[in-house]
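One file, protein.csv, is given below (CSV, C-alpha atoms and all ligand atoms).
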chain,number,residue,atom,x,y,z
A,1,ALA,CA,67.2,6.9,-1.3
A,2,ALA,CA,70.3,4.7,-1.5
A,3,LYS,CA,68.2,1.8,-2.6
A,4,ARG,CA,66.2,3.7,-5.1
A,5,ALA,CA,69.4,5.0,-6.6
A,6,GLY,CA,70.6,1.5,-7.3
A,7,GLY,CA,72.7,1.1,-4.2
A,8,GLY,CA,75.5,3.5,-5.4
A,9,ASN,CA,77.6,5.8,-3.3
A,10,TYR,CA,75.6,8.9,-4.0
A,11,ALA,CA,72.9,8.6,-1.4
A,12,MET,CA,74.0,11.3,0.9
A,13,PHE,CA,74.3,13.9,-1.7
A,14,GLU,CA,71.1,12.9,-3.4
A,15,SER,CA,69.1,13.1,-0.1
A,16,ARG,CA,69.5,16.9,-0.1
A,17,MET,CA,69.2,17.5,-3.8
A,18,GLY,CA,66.4,18.7,-6.0
A,19,THR,CA,65.2,21.0,-3.2
A,20,ASN,CA,67.2,24.1,-3.9
A,21,ALA,CA,66.8,26.0,-7.2
A,22,GLU,CA,70.2,27.7,-6.9
A,23,GLU,CA,71.9,24.3,-6.5
A,24,GLN,CA,70.1,22.9,-9.5
A,25,LEU,CA,71.2,25.9,-11.6
A,26,SER,CA,74.8,25.4,-10.7
A,27,LEU,CA,74.5,21.7,-11.2
A,28,GLN,CA,73.2,22.0,-14.7
A,29,SER,CA,76.0,24.3,-15.7
A,30,ASP,CA,78.4,21.7,-14.2
A,31,LEU,CA,76.6,19.1,-16.3
A,32,ARG,CA,77.2,21.1,-19.5
A,33,LEU,CA,80.9,21.0,-18.7
A,34,ALA,CA,80.8,17.3,-17.8
A,35,ILE,CA,79.3,16.4,-21.2
A,36,GLN,CA,82.3,18.2,-22.9
A,37,GLY,CA,85.0,16.8,-20.8
A,38,GLY,CA,85.7,13.5,-19.3
A,39,GLN,CA,83.4,13.3,-16.2
A,40,LEU,CA,80.9,10.9,-17.8
A,41,ALA,CA,81.2,7.2,-18.1
A,42,LEU,CA,79.1,4.2,-18.9
A,43,HIS,CA,78.9,1.3,-16.5
A,44,TYR,CA,77.6,-2.0,-17.7
A,45,GLN,CA,75.4,-4.5,-16.0
A,46,PRO,CA,75.1,-8.1,-17.3
A,47,LYS,CA,71.9,-9.6,-18.4
A,48,ILE,CA,72.0,-13.4,-17.6
A,49,ASP,CA,70.4,-16.1,-19.6
A,50,GLY,CA,68.3,-17.9,-16.9
A,51,ARG,CA,68.5,-21.4,-18.2
A,52,ARG,CA,72.1,-21.5,-19.3
A,53,ASN,CA,73.5,-19.2,-16.7
A,54,GLN,CA,75.5,-17.2,-19.3
A,55,ILE,CA,75.8,-13.6,-20.1
A,56,ARG,CA,73.4,-12.5,-22.9
A,57,GLY,CA,74.3,-8.8,-23.1
A,58,VAL,CA,74.7,-5.8,-20.9
A,59,GLU,CA,72.8,-2.6,-20.0
A,60,ALA,CA,74.8,0.6,-20.2
A,61,LEU,CA,74.1,2.9,-17.3
A,62,LEU,CA,75.3,6.5,-17.3
A,63,ARG,CA,77.6,7.7,-14.5
A,64,TRP,CA,78.6,11.2,-13.7
A,65,THR,CA,81.4,11.9,-11.3
A,66,HIS,CA,81.3,15.5,-10.3
A,67,PRO,CA,84.8,17.0,-9.7
A,68,THR,CA,84.0,18.2,-6.1
A,69,LEU,CA,80.6,16.5,-5.2
A,70,GLY,CA,81.6,13.0,-6.4
A,71,PRO,CA,79.2,10.5,-8.0
A,72,ILE,CA,75.7,11.8,-8.8
A,73,SER,CA,72.8,9.5,-9.4
A,74,PRO,CA,71.3,9.4,-12.9
A,75,LEU,CA,67.9,9.6,-11.1
A,76,VAL,CA,69.1,13.2,-10.2
A,77,PHE,CA,71.0,14.4,-13.3
A,78,ILE,CA,68.8,12.9,-16.0
A,79,PRO,CA,65.7,14.8,-15.0
A,80,LEU,CA,67.9,17.8,-14.6
A,81,ALA,CA,69.2,17.4,-18.1
A,82,GLU,CA,65.7,17.0,-19.4
A,83,ARG,CA,64.6,20.2,-17.6
A,84,PHE,CA,67.5,22.3,-18.9
A,85,GLY,CA,67.6,21.0,-22.5
A,86,LEU,CA,70.8,18.9,-22.1
A,87,ILE,CA,69.2,15.5,-22.5
A,88,ASN,CA,69.9,15.2,-26.3
A,89,ALA,CA,73.6,16.1,-25.8
A,90,LEU,CA,73.8,13.6,-23.0
A,91,GLY,CA,71.9,11.0,-25.1
A,92,HIS,CA,74.3,11.6,-28.1
A,93,TRP,CA,77.2,11.0,-25.8
A,94,VAL,CA,75.7,7.7,-24.6
A,95,ILE,CA,75.0,6.5,-28.2
A,96,GLU,CA,78.6,7.3,-29.3
A,97,GLU,CA,80.3,5.8,-26.2
A,98,ALA,CA,78.2,2.6,-26.3
A,99,CYS,CA,79.0,2.0,-30.0
A,100,ARG,CA,82.7,2.8,-29.4
A,101,GLN,CA,82.7,0.2,-26.6
A,102,VAL,CA,81.0,-2.5,-28.5
A,103,ALA,CA,83.6,-2.1,-31.3
A,104,GLN,CA,86.4,-2.2,-28.7
A,105,TRP,CA,85.0,-5.3,-27.1
A,106,GLU,CA,84.7,-6.9,-30.5
A,107,ASP,CA,88.4,-6.2,-31.1
A,108,GLU,CA,89.1,-7.8,-27.8
A,109,GLY,CA,87.1,-10.9,-28.8
A,110,LEU,CA,84.1,-10.2,-26.8
A,111,LEU,CA,80.8,-10.2,-28.7
A,112,MET,CA,78.4,-8.2,-26.6
A,113,ARG,CA,74.9,-6.7,-27.2
A,114,VAL,CA,74.7,-3.4,-25.4
A,115,ALA,CA,71.4,-1.9,-24.2
A,116,ILE,CA,71.1,1.9,-23.9
A,117,ASN,CA,68.2,3.8,-22.3
A,118,LEU,CA,66.4,6.4,-24.3
A,119,SER,CA,64.5,9.3,-22.6
A,120,ALA,CA,61.2,10.8,-23.6
A,121,HIS,CA,62.9,13.8,-25.2
A,122,GLN,CA,65.2,11.7,-27.3
A,123,LEU,CA,62.2,9.9,-28.9
A,124,ARG,CA,61.0,13.3,-30.2
A,125,GLU,CA,64.4,14.1,-31.7
A,126,PRO,CA,63.7,14.0,-35.5
A,127,ASP,CA,67.0,12.5,-36.5
A,128,LEU,CA,67.4,10.0,-33.7
A,129,VAL,CA,67.3,6.9,-36.0
A,130,GLU,CA,69.7,8.5,-38.5
A,131,ARG,CA,72.1,9.4,-35.7
A,132,ILE,CA,72.1,5.9,-34.3
A,133,ALA,CA,72.5,4.4,-37.8
A,134,ASP,CA,75.4,6.8,-38.3
A,135,ALA,CA,77.1,5.8,-35.1
A,136,LEU,CA,76.8,2.1,-35.9
A,137,GLY,CA,78.3,2.7,-39.3
A,138,ARG,CA,81.2,4.8,-38.1
A,139,HIS,CA,82.1,2.2,-35.5
A,140,ARG,CA,81.5,-0.6,-38.0
A,141,ILE,CA,79.3,-2.6,-35.8
A,142,SER,CA,76.2,-4.5,-36.8
A,143,ALA,CA,72.8,-3.0,-35.7
A,144,GLU,CA,71.9,-6.1,-33.7
A,145,ARG,CA,74.7,-5.3,-31.3
A,146,LEU,CA,72.6,-2.5,-30.0
A,147,LEU,CA,69.3,-2.6,-28.0
A,148,CYS,CA,67.3,0.5,-27.0
A,149,GLU,CA,65.3,0.4,-23.8
A,150,ILE,CA,62.3,2.7,-23.5
A,151,THR,CA,60.2,2.7,-20.4
A,152,GLU,CA,56.5,1.7,-20.6
A,153,SER,CA,55.5,5.1,-19.2
A,154,VAL,CA,57.4,7.0,-21.8
A,155,ALA,CA,56.0,4.7,-24.5
A,156,MET,CA,52.5,5.5,-23.2
A,157,GLU,CA,53.2,9.2,-22.9
A,158,ASP,CA,53.9,9.7,-26.6
A,159,VAL,CA,52.4,6.9,-28.6
A,160,ALA,CA,53.1,8.4,-32.0
A,161,ALA,CA,56.8,9.2,-31.3
A,162,THR,CA,57.3,5.8,-29.8
A,163,GLN,CA,55.8,4.0,-32.7
A,164,ARG,CA,57.9,6.0,-35.2
A,165,VAL,CA,61.2,5.4,-33.3
A,166,PHE,CA,60.4,1.7,-32.8
A,167,ASP,CA,59.6,1.3,-36.5
A,168,GLY,CA,62.6,3.2,-37.6
A,169,LEU,CA,65.1,1.4,-35.3
A,170,SER,CA,63.7,-2.0,-36.0
A,171,ARG,CA,63.9,-1.3,-39.7
A,172,ILE,CA,67.7,-0.7,-39.4
A,173,GLY,CA,68.0,-3.9,-37.3
A,174,VAL,CA,68.4,-2.4,-33.8
A,175,PHE,CA,66.7,-4.4,-31.0
A,176,LEU,CA,64.1,-2.8,-28.7
A,177,ALA,CA,62.9,-3.4,-25.2
A,178,ILE,CA,60.1,-2.0,-23.1
A,179,ASP,CA,61.6,-1.1,-19.7
A,180,ASP,CA,60.1,-0.9,-16.2
A,181,PHE,CA,57.1,-2.8,-17.4
A,182,GLY,CA,54.1,-3.1,-15.1
A,183,THR,CA,54.0,0.5,-13.9
A,184,GLY,CA,52.6,2.2,-17.0
A,185,TYR,CA,49.2,0.7,-17.8
A,186,SER,CA,49.8,0.1,-21.5
A,187,SER,CA,47.1,-1.5,-23.5
A,188,LEU,CA,47.7,-4.9,-25.0
A,189,SER,CA,46.7,-3.9,-28.5
A,190,TYR,CA,49.3,-1.1,-28.4
A,191,LEU,CA,52.0,-3.4,-27.1
A,192,ARG,CA,51.3,-5.8,-29.9
A,193,GLN,CA,51.9,-3.1,-32.5
A,194,LEU,CA,55.4,-2.3,-31.2
A,195,PRO,CA,58.2,-4.2,-32.8
A,196,ALA,CA,59.9,-4.9,-29.4
A,197,ARG,CA,62.1,-7.9,-28.7
A,198,GLN,CA,62.1,-7.7,-24.9
A,199,LEU,CA,59.9,-6.7,-22.0
A,200,LYS,CA,61.7,-5.9,-18.8
A,201,ILE,CA,59.6,-6.4,-15.6
A,202,ASP,CA,60.0,-3.6,-13.2
A,203,ARG,CA,62.1,-4.1,-10.1
A,204,SER,CA,59.2,-3.3,-7.8
A,205,PHE,CA,57.5,-6.6,-8.7
A,206,VAL,CA,60.8,-8.6,-8.5
A,207,SER,CA,61.6,-7.3,-5.0
A,208,ASP,CA,58.1,-8.4,-3.8
A,209,LEU,CA,58.2,-11.9,-5.3
A,210,GLU,CA,59.2,-13.7,-2.1
A,211,THR,CA,56.6,-12.0,0.1
A,212,SER,CA,53.7,-11.2,-2.1
A,213,ALA,CA,51.3,-13.6,-3.9
A,214,ASP,CA,50.0,-10.6,-5.9
A,215,ALA,CA,53.5,-9.8,-7.2
A,216,ARG,CA,54.0,-13.5,-8.2
A,217,ALA,CA,50.7,-13.5,-10.0
A,218,VAL,CA,51.6,-10.3,-11.9
A,219,VAL,CA,55.0,-11.6,-12.9
A,220,ASP,CA,53.6,-14.9,-13.9
A,221,ALA,CA,51.0,-13.3,-16.1
A,222,VAL,CA,53.6,-10.9,-17.6
A,223,VAL,CA,55.8,-13.8,-18.5
A,224,ARG,CA,53.0,-15.7,-20.2
A,225,LEU,CA,51.8,-12.6,-22.0
A,226,SER,CA,55.3,-11.8,-23.3
A,227,HIS,CA,55.8,-15.3,-24.6
A,228,ALA,CA,52.4,-15.2,-26.3
A,229,LEU,CA,53.5,-12.1,-28.0
A,230,GLY,CA,56.8,-13.5,-29.0
A,231,LEU,CA,58.8,-11.3,-26.6
A,232,ARG,CA,61.7,-12.3,-24.3
A,233,VAL,CA,61.1,-11.4,-20.7
A,234,VAL,CA,63.9,-9.9,-18.6
A,235,ALA,CA,63.5,-9.4,-14.8
A,236,GLU,CA,65.4,-6.4,-13.4
A,237,GLY,CA,66.6,-5.9,-9.9
A,238,VAL,CA,67.1,-9.5,-8.9
A,239,GLU,CA,68.8,-9.4,-5.6
A,240,THR,CA,68.4,-12.9,-4.0
A,241,ALA,CA,68.6,-16.6,-4.9
A,242,GLY,CA,65.0,-16.9,-3.9
A,243,GLN,CA,63.9,-14.3,-6.5
A,244,ARG,CA,66.0,-16.0,-9.1
A,245,ASP,CA,64.5,-19.4,-8.4
A,246,ILE,CA,60.9,-18.1,-8.6
A,247,LEU,CA,61.7,-16.3,-11.9
A,248,LEU,CA,63.3,-19.3,-13.5
A,249,GLY,CA,60.3,-21.4,-12.4
A,250,MET,CA,58.0,-19.0,-14.2
A,251,GLY,CA,60.1,-19.2,-17.3
A,252,CYS,CA,61.7,-15.8,-17.3
A,253,ASP,CA,64.3,-15.7,-20.0
A,254,GLU,CA,66.9,-13.2,-18.7
A,255,LEU,CA,67.8,-12.0,-15.2
A,256,GLN,CA,69.6,-8.8,-14.2
A,257,GLY,CA,70.4,-7.6,-10.8
A,258,PHE,CA,72.9,-7.2,-7.9
A,259,PHE,CA,72.5,-11.0,-7.2
A,260,PHE,CA,74.5,-11.6,-10.4
A,261,ALA,CA,76.5,-8.4,-10.8
A,262,ARG,CA,76.4,-4.7,-10.2
A,263,PRO,CA,76.9,-2.2,-13.0
A,264,MET,CA,80.7,-2.1,-13.6
A,265,PRO,CA,83.3,-0.2,-15.8
A,266,ALA,CA,83.9,-1.7,-19.2
A,267,ASP,CA,87.4,-3.1,-18.4
A,268,GLN,CA,86.0,-5.1,-15.4
A,269,LEU,CA,83.3,-6.6,-17.6
A,270,LEU,CA,85.8,-8.4,-19.8
A,271,ALA,CA,87.4,-10.1,-16.8
A,272,TRP,CA,84.0,-10.8,-15.3
A,273,SER,CA,82.6,-12.5,-18.4
A,274,LEU,CA,85.8,-14.5,-19.0
A,275,GLY,CA,85.5,-15.7,-15.4
A,276,ARG,CA,82.0,-17.1,-16.1
A,277,ARG,CA,82.5,-18.4,-19.6
A,278,PRO,CA,82.8,-22.2,-19.9
A,279,ALA,CA,86.2,-23.3,-21.3
A,280,GLY,CA,86.3,-23.5,-25.0
A,281,SER,CA,83.2,-21.4,-25.6
A,282,HIS,CA,83.5,-18.1,-27.6
A,283,GLY,CA,80.8,-16.1,-26.1
A,284,ASP,CA,77.1,-16.7,-26.1
A,285,PHE,CA,75.4,-14.3,-28.4
A,286,SER,CA,72.3,-14.7,-30.5
A,301,LIG,P1,66.7,1.5,-15.4
A,301,LIG,O1,67.0,1.7,-16.9
A,301,LIG,O2,65.5,0.8,-15.1
A,301,LIG,O3,68.1,0.8,-14.9
A,301,LIG,C1,68.1,0.0,-13.8
A,301,LIG,C2,68.5,0.6,-12.5
A,301,LIG,O4,68.4,-0.3,-11.4
A,301,LIG,C3,70.0,1.1,-12.5
A,301,LIG,O5,70.1,2.2,-11.6
A,301,LIG,C4,70.7,-0.1,-11.9
A,301,LIG,O6,71.9,0.2,-11.3
A,301,LIG,C5,69.7,-0.5,-10.8
A,301,LIG,N1,69.8,-1.9,-10.4
A,301,LIG,C6,70.2,-2.9,-11.2
A,301,LIG,N2,70.1,-4.1,-10.5
A,301,LIG,C7,69.7,-3.7,-9.2
A,301,LIG,C8,69.3,-4.5,-8.1
A,301,LIG,O7,69.5,-5.7,-8.0
A,301,LIG,N3,68.8,-3.8,-7.0
A,301,LIG,C9,68.7,-2.4,-7.0
A,301,LIG,N4,68.2,-1.8,-5.9
A,301,LIG,N5,69.0,-1.7,-8.1
A,301,LIG,C10,69.4,-2.3,-9.2
A,301,LIG,P2,70.8,3.6,-12.1
A,301,LIG,O8,72.1,3.2,-12.8
A,301,LIG,O9,70.9,4.4,-10.9
A,301,LIG,O10,69.9,4.2,-13.2
A,301,LIG,C11,68.6,4.6,-12.8
A,301,LIG,C12,67.8,5.0,-14.0
A,301,LIG,O11,68.4,6.1,-14.6
A,301,LIG,C13,67.7,3.9,-15.1
A,301,LIG,O12,66.7,3.0,-14.7
A,301,LIG,C14,67.3,4.7,-16.3
A,301,LIG,O13,66.0,5.0,-16.3
A,301,LIG,C15,68.1,6.0,-16.0
A,301,LIG,N6,69.3,6.0,-16.8
A,301,LIG,C16,70.5,5.5,-16.5
A,301,LIG,N7,71.4,5.7,-17.5
A,301,LIG,C17,70.7,6.4,-18.5
A,301,LIG,C18,71.0,6.8,-19.8
A,301,LIG,O14,72.1,6.7,-20.3
A,301,LIG,N8,70.0,7.5,-20.5
A,301,LIG,C19,68.8,7.7,-20.0
A,301,LIG,N9,67.9,8.4,-20.7
A,301,LIG,N10,68.5,7.2,-18.8
A,301,LIG,C20,69.4,6.6,-18.0
A,302,MG,MG,66.9,0.4,-18.5
A,303,MG,MG,64.6,-0.8,-15.9
A,304,MG,MG,63.9,0.6,-13.4
If you took the structure in this file and wrote it as structure tokens, what would it be?
Amino acid sequence: AAKRAGGGNYAMFESRMGTNAEEQLSLQSDLRLAIQGGQLALHYQPKIDGRRNQIRGVEALLRWTHPTLGPISPLVFIPLAERFGLINALGHWVIEEACRQVAQWEDEGLLMRVAINLSAHQLREPDLVERIADALGRHRISAERLLCEITESVAMEDVAATQRVFDGLSRIGVFLAIDDFGTGYSSLSYLRQLPARQLKIDRSFVSDLETSADARAVVDAVVRLSHALGLRVVAEGVETAGQRDILLGMGCDELQGFFFARPMPADQLLAWSLGRRPAGSHGDFS
């Protein structure tokens, strides 16, 4: 479970969760309070430009530190929020906080594109696009600073809602990515219709790269397909130099994973990116 949860410190708690209805009920009422008051945070994981070895942007990942139970994995509390009707409130908090942070980084001289994850329920929210446009406007940040990730399986689950949200967001200038690609069986003609910028190869293929010729064949094909469709390819879950080398050899555009950096609080990201930035350069952002 620790690995699946992203290697965080919440494995012990997670292992006995989701089994007990009573526990879930009490956890969801705790989550309600958490949304209102200070227990949520976004951590940010860099996406690295493969060729230039520079940061291209970050993915915002939601963190909940429960007052008595400690950190709880998003793989636990996001499904819980969906089940108990809290996911839109949670999603709104993420949109707001991500935009606030982009603006703060801009004030500090750091130009960063932030990716947020959207859930299936959020896609069906009628005013999602307006809400995002409103947050961008209030924080005075340009739409291209924001990227929304939607998993391939969610995109397949509700094709109409996905198309509507992708069209709406791309119209206002927000970037879009298909997340966890390779697990959801999407059709190529459908993919072609979505105004996405990035395709993120699921971690399961990346982790098998060094040992499985099949995984290499799939990733190689996905890289070619993406480039043929004009998409940038991002590999998630890169943990070793060997995986990095294979991905770079295949022409993968961006890499993300513990090999480069774990998700970190916003204040650490500034120091981390300053440490990597070549002297005289003012950020790499395009
Ligand atoms: P995801 O969007 O595919 O995010 C990547 C997950 O992989 C993150 O787990 C990240 O910490 C983890 N990861 C990154 N690099 C590595 C690596 O090298 N090795 C391993 N083993 N793991 C790595 P995390 O933060 O636990 O999030 C899990 C999932 O929860 C996310 O998968 C996403 O689907 C969901 N999630 C997280 N934050 C949000 C959010 O704000 N909103 C929504 N709707 N979902 C979220
Ligand atoms: Mg993601
Ligand atoms: Mg992913
Ligand atoms: Mg994933």
Contacts to ligand MG 303 (chain A) at 8 Å cut-off (all atoms listed in the file) as a PDB file with C-alpha atoms, in the coordinates of the input:
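Dumped everything to pocket_7.pdb:
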ATOM      1  CA  THR A 151      60.200   2.700 -20.400  1.00  0.00           C
ATOM      2  CA  ASP A 179      61.600  -1.100 -19.700  1.00  0.00           C
ATOM      3  CA  ASP A 180      60.100  -0.900 -16.200  1.00  0.00           C
ATOM      4  CA  PHE A 181      57.100  -2.800 -17.400  1.00  0.00           C
ATOM      5  CA  LYS A 200      61.700  -5.900 -18.800  1.00  0.00           C
ATOM      6  CA  ILE A 201      59.600  -6.400 -15.600  1.00  0.00           C
ATOM      7  CA  ASP A 202      60.000  -3.600 -13.200  1.00  0.00           C
ATOM      8  CA  ARG A 203      62.100  -4.100 -10.100  1.00  0.00           C
ATOM      9  CA  GLU A 236      65.400  -6.400 -13.400  1.00  0.00           C
TER      10      GLU A 236
END
### Task
Pick out the residues sitting within 7 Å of stretch 53-67 of chain A, and hand them over as number ranges by chain; count all atoms listed in the file, and ignore anything fewer than 5 positions along from it in its own chain.
A: 39-48, 72, 74, 112-116, 284-285
Residue subset to file, keeping C-alpha atoms, as a PDB file, keeping the file's coordinate frame:
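Heads up, here's the output in part_22.pdb:
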ATOM      1  CA  GLN A  39      83.400  13.300 -16.200  1.00  0.00           C
ATOM      2  CA  LEU A  40      80.900  10.900 -17.800  1.00  0.00           C
ATOM      3  CA  ALA A  41      81.200   7.200 -18.100  1.00  0.00           C
ATOM      4  CA  LEU A  42      79.100   4.200 -18.900  1.00  0.00           C
ATOM      5  CA  HIS A  43      78.900   1.300 -16.500  1.00  0.00           C
ATOM      6  CA  TYR A  44      77.600  -2.000 -17.700  1.00  0.00           C
ATOM      7  CA  GLN A  45      75.400  -4.500 -16.000  1.00  0.00           C
ATOM      8  CA  PRO A  46      75.100  -8.100 -17.300  1.00  0.00           C
ATOM      9  CA  LYS A  47      71.900  -9.600 -18.400  1.00  0.00           C
ATOM     10  CA  ILE A  48      72.000 -13.400 -17.600  1.00  0.00           C
ATOM     11  CA  ILE A  72      75.700  11.800  -8.800  1.00  0.00           C
ATOM     12  CA  PRO A  74      71.300   9.400 -12.900  1.00  0.00           C
ATOM     13  CA  MET A 112      78.400  -8.200 -26.600  1.00  0.00           C
ATOM     14  CA  ARG A 113      74.900  -6.700 -27.200  1.00  0.00           C
ATOM     15  CA  VAL A 114      74.700  -3.400 -25.400  1.00  0.00           C
ATOM     16  CA  ALA A 115      71.400  -1.900 -24.200  1.00  0.00           C
ATOM     17  CA  ILE A 116      71.100   1.900 -23.900  1.00  0.00           C
ATOM     18  CA  ASP A 284      77.100 -16.700 -26.100  1.00  0.00           C
ATOM     19  CA  PHE A 285      75.400 -14.300 -28.400  1.00  0.00           C
TER      20      PHE A 285
END
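Between ligand LIG 301 (chain A) and the candidates A:Ile141, A:Ala221, A:Ala261, A:Leu80, the tightest atom-to-atom separation, counting all atoms listed in the file, involves A:Ala261.
Environment of (59.0, -11.1, -18.6): residues at most 9 Å away, judged by only C-alpha atoms, are Phe181, Gln198, Leu199, Lys200, Ile201, Val219, Asp220, Ala221, Val222, Val223, Arg224, Leu225, Ser226, His227, Leu231, Arg232, Val233, Val234, Ala235, Leu247, Gly251, Cys252, Asp253 and Glu254 of chain A.
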### Task
Pick out the residues no farther than 7 Å from ligand LIG 301 (chain A), counting all atoms listed in the file, and list them as a VMD selection string.
chain A and resid 3 to 7 60 to 62 73 to 75 78 91 94 116 to 119 179 to 180 236 to 239 256 to 259 262 to 263
### Task
Excluding A:Gly173 and any residue of its chain fewer than 2 positions from it, enumerate the residues within 8 Å of it, using only C-alpha atoms, and give them as a PyMOL selection string.
chain A and resi 143-144+169-171+175
### Message
Between atom CA of A:Leu209 and atom CA of A:Leu248, what distance in Å does the model show, to one decimal?
### Response
12.2 Å
### Message
Could you check the closest approach to ligand MG 304 (chain A) for each of A:Met264, A:Val206, A:Ala228, A:Ala34 and tell me which residue wins, using all atoms listed in the file?
### Response
A:Val206
#### Entry: Nearest candidate to A:Leu229 (options A:Gly242, A:Arg192, A:Arg216, A:Thr211; using all atoms listed in the file)
A:Arg192
#### Entry: Proximity to ligand MG 302 (chain A) - best of A:Leu111, A:Val218, A:Met250, A:Ile150, all atoms listed in the file
A:Ile150
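Our summary of the geometry notes that atom CA of A:Gln268 is positioned 25.2 Å from atom CA of A:Arg138.
Between ligand MG 304 (chain A) and the candidates A:Glu152, A:Ala160, A:Asp30, A:Phe260, the tightest atom-to-atom separation, counting only C-alpha atoms and all ligand atoms, involves A:Glu152.
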## Note on the structure
Across A:Ser207, A:Asp167, A:Ala89, A:Asp134, the smallest distance to ligand MG 304 (chain A), with all atoms listed in the file counted, is shown by A:Ser207
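Here atom CA of A:Arg197 and atom CA of A:Ala177 stand 5.8 Å from one another.
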### Task
Please provide as a list of chain:residue names all residues within 8 Å of stretch 156-158 of chain A, with the sequence filter that same-chain residues fewer than 3 positions apart are discarded (counting all atoms listed in the file).
A:Ala120, A:Glu152, A:Ser153, A:Ala161, A:Thr162, A:Gly184, A:Tyr185, A:Ser186
Which residues, protein or nucleic acid, reach to within 8 Å of (83.7, -11.6, -22.8) in the file's coordinates when using all atoms listed in the file, and can you give that as a PDB file with C-alpha atoms, in the coordinates of the input?
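Final file, part15.pdb:
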ATOM      1  CA  TRP A 105      85.000  -5.300 -27.100  1.00  0.00           C
ATOM      2  CA  GLY A 109      87.100 -10.900 -28.800  1.00  0.00           C
ATOM      3  CA  LEU A 110      84.100 -10.200 -26.800  1.00  0.00           C
ATOM      4  CA  LEU A 111      80.800 -10.200 -28.700  1.00  0.00           C
ATOM      5  CA  MET A 112      78.400  -8.200 -26.600  1.00  0.00           C
ATOM      6  CA  LEU A 269      83.300  -6.600 -17.600  1.00  0.00           C
ATOM      7  CA  LEU A 270      85.800  -8.400 -19.800  1.00  0.00           C
ATOM      8  CA  ALA A 271      87.400 -10.100 -16.800  1.00  0.00           C
ATOM      9  CA  TRP A 272      84.000 -10.800 -15.300  1.00  0.00           C
ATOM     10  CA  SER A 273      82.600 -12.500 -18.400  1.00  0.00           C
ATOM     11  CA  LEU A 274      85.800 -14.500 -19.000  1.00  0.00           C
ATOM     12  CA  ARG A 277      82.500 -18.400 -19.600  1.00  0.00           C
ATOM     13  CA  GLY A 283      80.800 -16.100 -26.100  1.00  0.00           C
TER      14      GLY A 283
END
